[in-house]
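Shown next, in structure tokens, is the structure this report addresses.
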Amino acid sequence: MIYPWQSQQWQQLQSQVREQRLPHALLLTGQTGLGKCDFAIQLAKSLLCKQPQASGEACGECDACLLLQVAPVNDESNNRDSALTHMGTHPDCLWLEPEEADKAIKVDDIRALCAAMSLTSQYGGYKVAVINMADSMNMNAANSLLKTLEEPGANTVLILVSSRPQRLPITVRSRCQRISFYVPVEKLATDWLAQQKIANSELMLRLAHGAPLLAQQLAQADALQPRQLLVEALLGVARNQSLVSHAEGLSKLPAPELLGWLHDWLADVLRLQSSAQAEITNLDYAAELRQLAQQLNMQRVYGLLDEVLNLRRMQTVSLNAQLLWEDLLISWQLLVKRA
Ligand SMILES: [Zn+2]
């Protein structure tokens with residue numbers, strides 16, 4: 001199923017398919033939580049289906065569709081020595097993503113993918129490969145992919161999916177047709193979330209920066225617990241609670257996620273300092289944020305926000321989490337006390 005906010009991209013590609021103008025390489029981009037990966041799967045199925053529906057979507061019943069459904073991606077029947085697998089058990093549909101989040105896609109896996117793509121299709125139709133989180137390719141892997149991008153085999157379609165396309169070499173980007181996905185208008189997103197029976201959908205959508213699938217994930221039990229602990233620490237430190245014990249609690253949680261929440265919190269303070277009517281992310285703490293916006297020195301809030309942005313950029317540096325959070329909470333405490 002194509003999500004309602006993807007219909008324009010879907011129709012564009014389907015008309016290219018009908019007119020036999022589909023390029024050999026596509027790059028699906030847009031922020032996390034918009035369903036790019038699901039779109040890539042639907043497109044792969046649509047290209048391999050023997051009798052697609054009028055909308056272009058796969059029928060779900062033909063031989064090809066059944067092969068694509070037999071086993072989920074990354075099923076144990078796939079070869080686990082490599083991150084390269086088939087989608088279902090269809091021989092003409094390949095799937096590649098990092099073995100673990102934050103790990104690189106390796107050159108050997110790209111070589112294997114390119115070798116498989118150069119073979120004739122076993123079912124006489126398209127050969128399709130999806131590279132999820134394509135920006136995780138290391139430089140050797142990206143260079144290795146270039147040859148296939150420059151000299152693609154007949155009827156091959158390579159679908160790259162990336163939330164951070166700026167990390168892909170320009171040589172790779174420039175050889176793909178880019179399909180961009182955007183945050184849907186709020187009404188479309190909240191209607192969809194209501195259909196999924198998501199409670200508190202307006203807040204979840206704000207916290208997800210408008211991305212409906214991320215909003216759906218955040219609505220799951222405990223998904224917002226790290227944010228809750230961070231907010232308790234910020235409000236607690238402002239009320240003279242022990243900074244060290246809050247830092248200890250935060251040090252056990254994933255730093256990138258917490259830094260993201262801290263960024264959103266400070267950005268909300270700044271928005272409210274610019275305009276009391278500003279739209280904010282943390283809707284559920286509007287009263288607390290309004291009060292902070294009145295108290296805090298704007299320049300100093302910017303200073304702390306810069307610190308957070310720098311920390312978010314140094315993703316791979318291993319940090320002493322306890323010290324990191326003590327430092328940040330001390331900065332926050334100074335900010336609040338000087339107010
Ligand atoms: Zn089918």
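Each chain in the structure tokens gets a letter, A, B and so on, in the order shown; residues start at 1 in every chain, and ligands are counted from 1 in the order they appear.
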
Can I get the residues of chain A within 8 Å of ligand 1, each with the closest pair of atoms and their distance in Å to one decimal, using only C-alpha atoms and all ligand atoms, sorted chain first then ascending number, as a tab-separated table?
residue	atom	partner	partner_atom_place_in_ligand_line	distance
A:Lys45	CA	ligand 1	1 (Zn)	7.5
A:Ser46	CA	ligand 1	1 (Zn)	7.4
A:Leu48	CA	ligand 1	1 (Zn)	7.3
A:Cys49	CA	ligand 1	1 (Zn)	3.7
A:Lys50	CA	ligand 1	1 (Zn)	5.1
A:Gln51	CA	ligand 1	1 (Zn)	5.3
A:Pro52	CA	ligand 1	1 (Zn)	5.7
A:Ala58	CA	ligand 1	1 (Zn)	4.8
A:Cys59	CA	ligand 1	1 (Zn)	3.9
A:Gly60	CA	ligand 1	1 (Zn)	4.7
A:Glu61	CA	ligand 1	1 (Zn)	5.1
A:Cys62	CA	ligand 1	1 (Zn)	4.1
A:Asp63	CA	ligand 1	1 (Zn)	6.7
A:Ala64	CA	ligand 1	1 (Zn)	5.8
A:Cys65	CA	ligand 1	1 (Zn)	4.3
A:Leu66	CA	ligand 1	1 (Zn)	7.4

Residues from the last selection, C-alpha atoms, saved as an mmCIF file, in the first residue's frame:
data_model
loop_
_atom_site.group_PDB
_atom_site.id
_atom_site.type_symbol
_atom_site.label_atom_id
_atom_site.label_comp_id
_atom_site.auth_asym_id
_atom_site.auth_seq_id
_atom_site.Cartn_x
_atom_site.Cartn_y
_atom_site.Cartn_z
ATOM 1 C CA LYS A 45 6.854 -5.474 -6.206
ATOM 2 C CA SER A 46 5.048 -3.417 -8.805
ATOM 3 C CA LEU A 48 8.098 -7.574 -10.841
ATOM 4 C CA CYS A 49 4.349 -8.317 -10.665
ATOM 5 C CA LYS A 50 2.955 -10.091 -13.752
ATOM 6 C CA GLN A 51 -0.452 -8.418 -13.654
ATOM 7 C CA PRO A 52 -0.295 -5.153 -11.704
ATOM 8 C CA ALA A 58 1.272 -5.360 -7.363
ATOM 9 C CA CYS A 59 -1.621 -7.847 -7.553
ATOM 10 C CA GLY A 60 -0.408 -9.912 -4.605
ATOM 11 C CA GLU A 61 -1.493 -13.138 -6.307
ATOM 12 C CA CYS A 62 0.707 -13.921 -9.319
ATOM 13 C CA ASP A 63 3.812 -16.167 -9.175
ATOM 14 C CA ALA A 64 6.130 -13.187 -8.810
ATOM 15 C CA CYS A 65 4.078 -11.648 -6.012
ATOM 16 C CA LEU A 66 3.983 -14.967 -4.158
#

> Counting only C-alpha atoms, what is within 7 Å of Ala293 in chain A, bar same-chain residues fewer than 5 positions away, as a count of residues only?
Replying inline: 4

Could you produce a table of the residues of range 210-261 of chain A lying within 7 Å of range 178-200 of chain A, with the nearest pair of atoms per residue and their separation in Å rounded to one decimal, using only C-alpha atoms, ordered by chain and increasing residue number, as CSV?
residue,atom,partner,partner_atom,distance
A:Gly210,CA,A:Val183,CA,5.6
A:Ala211,CA,A:Val183,CA,5.7
A:Pro212,CA,A:Ala189,CA,5.8
A:Gln216,CA,A:Ile198,CA,6.7
A:Ala219,CA,A:Ile198,CA,6.7

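By chain and then residue number, the residues within 12 Å of Glu288 in chain A are Val231, Glu232, Leu234, Leu235, Gly236, Ala238, Trp265, Asp268, Val269, Leu272, Asn282, Leu283, Ala293, Gln294 and Gln295 of chain A, counting only C-alpha atoms and disregarding those fewer than 5 positions away in sequence.
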
Take the residues that were just selected and, keeping C-alpha atoms, output them as a PDB file, in the first residue's frame.
ATOM      1  CA  VAL A 231      12.342  16.949  30.506  1.00  0.00           C
ATOM      2  CA  GLU A 232      12.195  15.872  34.164  1.00  0.00           C
ATOM      3  CA  LEU A 234      15.661  19.971  32.839  1.00  0.00           C
ATOM      4  CA  LEU A 235      12.736  21.010  35.011  1.00  0.00           C
ATOM      5  CA  GLY A 236      14.253  19.312  38.082  1.00  0.00           C
ATOM      6  CA  ALA A 238      15.769  24.354  37.393  1.00  0.00           C
ATOM      7  CA  TRP A 265      13.379  21.826  23.754  1.00  0.00           C
ATOM      8  CA  ASP A 268      11.001  25.788  21.391  1.00  0.00           C
ATOM      9  CA  VAL A 269      12.294  28.268  24.018  1.00  0.00           C
ATOM     10  CA  LEU A 272       8.548  31.421  22.050  1.00  0.00           C
ATOM     11  CA  ASN A 282       6.660  20.147  22.844  1.00  0.00           C
ATOM     12  CA  LEU A 283       2.964  20.997  22.916  1.00  0.00           C
ATOM     13  CA  ALA A 293      11.047  31.859  27.357  1.00  0.00           C
ATOM     14  CA  GLN A 294      10.267  34.843  29.551  1.00  0.00           C
ATOM     15  CA  GLN A 295      13.062  34.086  32.063  1.00  0.00           C
TER      16      GLN A 295
END

>> My list of candidates is A:Leu158, A:Leu262, A:Ala101, A:Leu243. Which is closest to Ala44 in chain A when distances are computed with only C-alpha atoms?
In response: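 Between A:Leu158, A:Leu262, A:Ala101, A:Leu243, the residue approaching Ala44 in chain A most closely is A:Leu158.
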
Considering only C-alpha atoms, tabulate each residue of range 144-213 of chain A that lies at most 12 Å from range 90-93 of chain A along with its nearest interatomic pair and the corresponding distance in Å to one decimal; arrange the rows by chain and ascending residue number and present them as a tab-separated table.
residue	atom	partner	partner_atom	distance
A:Asn155	CA	A:Asp92	CA	10.8
A:Thr156	CA	A:Asp92	CA	9.4
A:Val157	CA	A:Cys93	CA	9.7
A:Leu158	CA	A:Cys93	CA	10.0
A:Ile159	CA	A:Cys93	CA	10.9

>> What's around range 132-149 of chain A at 6 Å? Count only C-alpha atoms, leave out sequence neighbours fewer than 4 positions away in its own chain, and write the answer as a list in words.
In response: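 The residues satisfying every condition are Glu97, Ala104, Ile105, Lys106, Val107, Ile110, Leu160, Val161, Ser162, Arg167 and Leu168 of chain A.
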
>> Would you pick out the contacts of range 116-123 of chain A at 6 Å or less, using only C-alpha atoms, so that residues sharing its chain but fewer than 2 positions from it are not included, and give the list as a list in words?
In response: Asp92, Leu113, Cys114, Gly125, Lys127 and Gly153 of chain A

Keeping only C-alpha atoms, write those residues as an mmCIF file, in the first residue's frame.
data_model
loop_
_atom_site.group_PDB
_atom_site.id
_atom_site.type_symbol
_atom_site.label_atom_id
_atom_site.label_comp_id
_atom_site.auth_asym_id
_atom_site.auth_seq_id
_atom_site.Cartn_x
_atom_site.Cartn_y
_atom_site.Cartn_z
ATOM 1 C CA ASP A 92 15.403 -11.077 -9.454
ATOM 2 C CA LEU A 113 25.059 -6.916 -5.680
ATOM 3 C CA CYS A 114 26.612 -5.533 -8.881
ATOM 4 C CA GLY A 125 11.336 -9.171 -16.472
ATOM 5 C CA LYS A 127 15.934 -7.090 -12.086
ATOM 6 C CA GLY A 153 22.426 -3.953 -17.536
#

> Rounded to one decimal in Å, what is the spacing between CA of Pro226 in chain A and CA of Leu253 in chain A?
Replying inline: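 Those two atoms sit 6.7 Å apart.
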
Shell around Val244 in chain A at 9 Å using only C-alpha atoms, local window under 5 positions removed, as a compact mmCIF listing (two decimals) with C-alpha atoms, in the first residue's frame:
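Wrote selection_9.txt, looks like this:
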# COMPACT_ATOMS: atom_id res chain seq x y z
CA GLY A 249 19.84 8.46 34.67
CA GLN A 322 27.93 10.65 32.52
CA TRP A 325 25.18 14.96 30.71
CA GLU A 326 26.77 16.57 33.77
CA LEU A 329 23.02 20.03 32.82

> If you run DSSP on the backbone, which residues of range 204-238 of chain A are helix (DSSP H, G or I), as number ranges by chain?
Replying inline: A: 204-207, 212-218, 225-238

Go ahead and save the residues from that selection, with C-alpha atoms, as a PDB file, in the first residue's frame.
ATOM      1  CA  MET A 204       2.979  12.817  18.314  1.00  0.00           C
ATOM      2  CA  LEU A 205       3.080  14.496  14.901  1.00  0.00           C
ATOM      3  CA  ARG A 206       4.752  17.601  16.342  1.00  0.00           C
ATOM      4  CA  LEU A 207       7.335  15.484  18.177  1.00  0.00           C
ATOM      5  CA  PRO A 212       3.544  10.243  10.190  1.00  0.00           C
ATOM      6  CA  LEU A 213       5.346   6.894  10.565  1.00  0.00           C
ATOM      7  CA  LEU A 214       7.695   8.333  13.165  1.00  0.00           C
ATOM      8  CA  ALA A 215       4.656   9.755  14.984  1.00  0.00           C
ATOM      9  CA  GLN A 216       3.144   6.270  14.958  1.00  0.00           C
ATOM     10  CA  GLN A 217       6.351   4.830  16.457  1.00  0.00           C
ATOM     11  CA  LEU A 218       6.500   7.490  19.146  1.00  0.00           C
ATOM     12  CA  GLN A 225      10.414   7.573  28.005  1.00  0.00           C
ATOM     13  CA  PRO A 226      13.860   9.032  27.172  1.00  0.00           C
ATOM     14  CA  ARG A 227      12.225  12.362  26.376  1.00  0.00           C
ATOM     15  CA  GLN A 228      10.249  12.205  29.600  1.00  0.00           C
ATOM     16  CA  LEU A 229      13.429  11.676  31.650  1.00  0.00           C
ATOM     17  CA  LEU A 230      15.180  14.511  29.857  1.00  0.00           C
ATOM     18  CA  VAL A 231      12.342  16.949  30.506  1.00  0.00           C
ATOM     19  CA  GLU A 232      12.195  15.872  34.164  1.00  0.00           C
ATOM     20  CA  ALA A 233      15.951  16.507  34.411  1.00  0.00           C
ATOM     21  CA  LEU A 234      15.661  19.971  32.839  1.00  0.00           C
ATOM     22  CA  LEU A 235      12.736  21.010  35.011  1.00  0.00           C
ATOM     23  CA  GLY A 236      14.253  19.312  38.082  1.00  0.00           C
ATOM     24  CA  VAL A 237      17.619  21.051  37.758  1.00  0.00           C
ATOM     25  CA  ALA A 238      15.769  24.354  37.393  1.00  0.00           C
TER      26      ALA A 238
END

> In Å, how far is it from CA of Asp109 in chain A to CA of Ala129 in chain A?
Replying inline: 12.2 Å

> Using the chain letters and numbers from this document, which residues of range 12-228 of chain A does DSSP assign to strand (DSSP E), as a VMD selection string?
Replying inline: chain A and resid 25 to 29 84 to 86 93 to 96 127 to 131 156 to 162 177 to 180

Residues as selected, N, CA and C atoms, written as a compact mmCIF listing (two decimals), in the first residue's frame, can you do that?
# COMPACT_ATOMS: atom_id res chain seq x y z
N ALA A 25 18.43 4.00 -12.24
CA ALA A 25 18.73 4.23 -10.82
C ALA A 25 17.86 5.35 -10.26
N LEU A 26 17.27 5.07 -9.10
CA LEU A 26 16.44 6.06 -8.41
C LEU A 26 17.05 6.30 -7.04
N LEU A 27 16.90 7.52 -6.56
CA LEU A 27 17.35 7.85 -5.20
C LEU A 27 16.16 8.43 -4.46
N LEU A 28 15.63 7.67 -3.49
CA LEU A 28 14.48 8.13 -2.71
C LEU A 28 14.99 8.86 -1.48
N THR A 29 14.62 10.14 -1.35
CA THR A 29 15.14 10.94 -0.24
C THR A 29 14.00 11.60 0.54
N LEU A 84 23.68 -8.88 1.95
CA LEU A 84 22.89 -8.89 0.71
C LEU A 84 21.92 -10.07 0.73
N THR A 85 20.65 -9.79 0.54
CA THR A 85 19.64 -10.86 0.59
C THR A 85 18.67 -10.68 -0.58
N HIS A 86 17.75 -11.63 -0.70
CA HIS A 86 16.67 -11.46 -1.67
C HIS A 86 15.44 -10.91 -0.95
N CYS A 93 15.12 -10.03 -7.28
CA CYS A 93 14.93 -8.87 -6.41
C CYS A 93 15.89 -8.94 -5.22
N LEU A 94 16.80 -8.00 -5.19
CA LEU A 94 17.83 -8.01 -4.15
C LEU A 94 17.60 -6.91 -3.14
N TRP A 95 18.10 -7.14 -1.95
CA TRP A 95 17.92 -6.19 -0.85
C TRP A 95 19.24 -6.05 -0.11
N LEU A 96 19.68 -4.81 0.10
CA LEU A 96 20.93 -4.60 0.84
C LEU A 96 20.75 -3.45 1.81
N LYS A 127 15.15 -6.72 -13.27
CA LYS A 127 15.93 -7.09 -12.09
C LYS A 127 15.98 -5.85 -11.20
N VAL A 128 15.62 -6.01 -9.95
CA VAL A 128 15.51 -4.86 -9.07
C VAL A 128 16.39 -5.05 -7.84
N ALA A 129 17.09 -4.02 -7.44
CA ALA A 129 17.84 -4.07 -6.18
C ALA A 129 17.52 -2.82 -5.37
N VAL A 130 17.28 -3.03 -4.09
CA VAL A 130 17.04 -1.90 -3.18
C VAL A 130 18.25 -1.79 -2.25
N ILE A 131 18.82 -0.60 -2.15
CA ILE A 131 19.87 -0.36 -1.15
C ILE A 131 19.30 0.60 -0.12
N THR A 156 17.42 -3.31 -15.65
CA THR A 156 17.77 -3.30 -14.23
C THR A 156 17.32 -1.98 -13.61
N VAL A 157 16.85 -2.07 -12.38
CA VAL A 157 16.46 -0.87 -11.64
C VAL A 157 17.08 -0.93 -10.25
N LEU A 158 17.86 0.08 -9.96
CA LEU A 158 18.51 0.17 -8.66
C LEU A 158 17.79 1.26 -7.88
N ILE A 159 17.32 0.91 -6.67
CA ILE A 159 16.58 1.90 -5.87
C ILE A 159 17.38 2.19 -4.59
N LEU A 160 17.94 3.39 -4.52
CA LEU A 160 18.68 3.80 -3.33
C LEU A 160 17.74 4.57 -2.42
N VAL A 161 17.80 4.28 -1.12
CA VAL A 161 16.95 4.96 -0.15
C VAL A 161 17.85 5.67 0.85
N SER A 162 17.60 6.96 1.08
CA SER A 162 18.49 7.69 2.00
C SER A 162 17.80 8.87 2.66
N GLN A 177 17.98 9.27 -10.65
CA GLN A 177 16.84 10.20 -10.65
C GLN A 177 16.37 10.34 -9.22
N ARG A 178 16.32 11.57 -8.74
CA ARG A 178 15.95 11.78 -7.34
C ARG A 178 14.44 11.88 -7.19
N ILE A 179 13.91 11.10 -6.25
CA ILE A 179 12.49 11.18 -5.91
C ILE A 179 12.43 11.66 -4.47
N SER A 180 11.92 12.89 -4.27
CA SER A 180 11.91 13.48 -2.92
C SER A 180 10.57 13.28 -2.25
